[in-house]
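Participant: Could you have a look at this structure, given as structure tokens, before my questions?
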Number of protein chains: 2
Amino acid sequence: MIIEYDGSNYHGFQAQNNAITVQEKLVEGINELTKEKANIVCAGRTDAGVHALGQVIAFDTDATIPGERWAIALNNYLPSDINVISSFHVDNDFNPRFHALSKKYTYLILNSSKRTPFWNKYAYCTLGKFEREAIREACQFFVGKHNFRGFCASGSSAKTFERTVHSCKLWEHKDFMGINIVADGFLYNMVRIIVGTLLEIGSKKRSPDVVENLIRSQNRALAGPTAPPQGLYLNKVYYACDLQEEKSTKK
Amino acid sequence: MIIEYDGSNYHGFQAQNNAITVQEKLVEGINELTKEKANIVCAGRTDAGVHALGQVIAFDTDATIPGERWAIALNNYLPSDINVISSFHVDNDFNPRFHALSKKYTYLILNSSKRTPFWNKYAYCTLGKFEREAIREACQFFVGKHNFRGFCASGSSAKTFERTVHSCKLWEHKDFMGINIVADGFLYNMVRIIVGTLLEIGSKKRSPDVVENLIRSQNRALAGPTAPPQGLYLNKVYYACDLQEEKSTKK
């Protein structure tokens with residue numbers, strides 16, 4: 001299933017005790033629909049307050065509902081801030097996380113000159129002035145295969161810190177700036193630390209080429225702060241065969 | 001002050017025990033700024049979940065902060081979902097509620113053919129199909145001086161039910177429909193009951209000209225349901241001299 005959700009009311013994707021999560025709501029919905037207790041695997045766990053436009057999940061089921069019908073059927077049992085965009089049967093061995101070739105995250109920044117009360121849960125709202133050309137220049141230094149230990153929250157259980165960033169781009173739309181990052185994998189808080197660093201560069205606290213040294217240092221303490229969660233969107237997950245295409249083929 | 005707020009985290013404007021309100025946050029902010037306990041009067045009390053784009057408030061203060069500076073000063077002490085747009089000194093006898101000549105409310109409806117998880121707190125999201133021409137036609141019947149008892153929630157303390165609706169208009173933007181209503185005053189839940197009725201007309205449960213009978217009946221039970229709060233915005237309050245103009249003059 002490809003799903004989208006407003007993460008602002010959830011303590012992240014993954015089920016946990018004493019906190020409402022997206023996974024819990026999905027499990028509850030599937031249970032109401034099929035009486036089954038689904039074991040859900042997702043492509044990328046999102047943190048509290050982080051949103052998804054194209055999260056991918058998979059689970060086993062004995063229900064006879066046709067793959068394409070699951071989206072409509074399950075949506076009847078989900079809260080309005082979680083939506084199944086599309087659904088289809090996949091091979092038994094499909095794992096949305098391990099089979100993902102790459103993922104795209106978008107980080108949204110509202111950079112207006114005045115306070116705007118309606119975007120606090122959906123973007124990082126900041127009044128600071130940013131040198132957009134400097135951010136654009138710095139973005140380029142993240143592209144490629146690097147050891148991103150310096151851009152990983154401490155306490156991560158990652159075994160290797162090497163990741164390949166395929167693209168890192170700033171876009172602009174009115175008072176919004178967005179940073180799109182596509183990589184073969186992401187370390188814990190990697191996007192938010194990259195964005196926190198880019199915003200320091202954009203506010204001229206550092207120069208764009210400092211990124212090379214920060215990567216080389218492998219030292220989290222030298223990189224910028226972790227940008228807040230509400231600006232982050234898991235935008236899309238890429239597979240060998242794009243899931244949407246696969247869906248059209250199977251129709 | 002002209003203020004805007006995202007009402008989704010508040011139990012309405014008016015201060016009450018055991019619930020967080022917009023008024024309480026304003027009083028707290030003013031108290032932090034001036035050590036004064038402000039007695040705030042607003043133009044229109046908004047219910048839980050209802051938003052404001054142009055609420056007007058007034059209070060007495062002994063602080064020596066120039067009127068125009070209050071907006072910036074107070075914003076430093078307000079949560080990010082409440083924003084002072086502008087501020088200025090007014091005559092001592094100014095009352096934002098009683099001196100208001102009319103108010104404009106906007107009711108926002110997201111009417112997409114698919115579920116959209118990100119708008120639930122900022123619009124009434126509904127998948128139903130609406131005959132927009134029928135709504136437009138029905139809107140006209142609300143315009144004028146009428147007894148709106150049939151469009152007032154029971155338990156209202158209003159002394160008279162006569163109000164003059166200056167305009168009632170449907171607008172459209174992509175998947176959104178908006179209904180703007182300007183009137184010299186509004187009864188409790190009046191906009192939401194009018195919208196609930198208009199949506200029944202739009203979904204062909206009733207014909208547009210039923211509005212005349214509903215108004216004549218003065219019977220709340222005959223009108224449509226109360227549309228949910230999250231679509232409602234207190235858009236603008238009009239005074240003999242538009243406050244924004246007054247501000248420019250006083251500058």
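Ligands are numbered from 1 in the order shown, residues from 1 within each chain, and chains are lettered A, B, ... in the order they appear in the structure tokens.
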Among range 15-44 of chain B, which ones does DSSP assign to helix (DSSP H, G or I) (computed from the backbone)? Answer as a PyMOL selection string.

Facilitator: chain B and resi 22-34

Participant: Pick out the residues sitting within 10 Å of range 11-22 of chain A, and hand them over as a ChimeraX atom specification; count only C-alpha atoms, and ignore anything fewer than 5 positions along from it in its own chain.

Facilitator: /A:5-6,27-28,40-42,44-52,55,78-79,81-82

Participant: Define the interface residues of chain B facing chain A as those within 10 Å, counting only C-alpha atoms, and report them as a list of chain:residue names.

Facilitator: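 Taken together, these residues fit the definition: B:Glu4, B:Tyr5, B:Asp6, B:Gly7, B:Ser8, B:His51, B:Ala52, B:Leu53, B:Ile72, B:Asn75, B:Pro79, B:Ser80, B:Asp81, B:Ile82, B:Asn83, B:Val84, B:Ile85, B:Lys114, B:Arg115, B:Thr116, B:Pro117, B:Phe118, B:Trp119, B:Asn120, B:Lys121, B:Tyr122, B:Cys125.
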
Participant: In Å, with one decimal, what is the gap from CA of Trp70 in chain A to CA of Ser113 in chain B?

Facilitator: 17.3 Å

Participant: Write down as a short mmCIF file (atom, residue, chain, number, x, y, z; two decimals) with C-alpha atoms, in the first residue's frame the residues of range 90-165 of chain A whose backbone DSSP state falls under strand (DSSP E or B).

Facilitator:
```
data_model
loop_
_atom_site.label_atom_id
_atom_site.label_comp_id
_atom_site.auth_asym_id
_atom_site.auth_seq_id
_atom_site.Cartn_x
_atom_site.Cartn_y
_atom_site.Cartn_z
CA SER A 102 15.98 4.88 -2.76
CA LYS A 103 13.71 7.28 -0.95
CA LYS A 104 12.84 10.92 -1.42
CA TYR A 105 12.29 13.19 1.57
CA THR A 106 11.04 16.74 1.32
CA TYR A 107 11.71 19.30 4.02
CA LEU A 108 9.36 22.29 3.91
CA ILE A 109 10.28 25.69 5.31
CA LEU A 110 7.92 28.64 5.51
CA TYR A 124 9.31 24.80 9.79
CA CYS A 125 8.16 28.40 10.12
CA GLY A 144 27.50 11.34 -3.87
CA LYS A 145 28.66 8.42 -1.76
CA HIS A 146 29.81 9.64 1.66
CA ASN A 147 30.16 8.53 5.24
CA GLU A 162 27.90 5.15 4.11
CA ARG A 163 24.98 6.36 2.05
CA THR A 164 24.68 7.62 -1.50
CA VAL A 165 22.79 10.86 -1.94
#
```

Participant: Tell me, as a count of residues only, which residues lie within 12 Å of Arg216 in chain B, counting only C-alpha atoms; anything in the same chain fewer than 2 positions away does not count.

Facilitator: 21

Participant: My list of candidates is A:Cys241, A:Ile201, A:Ala123, A:Val56. Which is closest to Gly178 in chain A when distances are computed with only C-alpha atoms?

Facilitator: A:Ala123

Participant: Got a sec: who's within 8 Å of range 191-197 of chain A, counting only C-alpha atoms, leaving out chain neighbours fewer than 5 positions off, as a PyMOL selection string?

Facilitator: chain A and resi 105+107+151-152+179+181+186+223-229+232
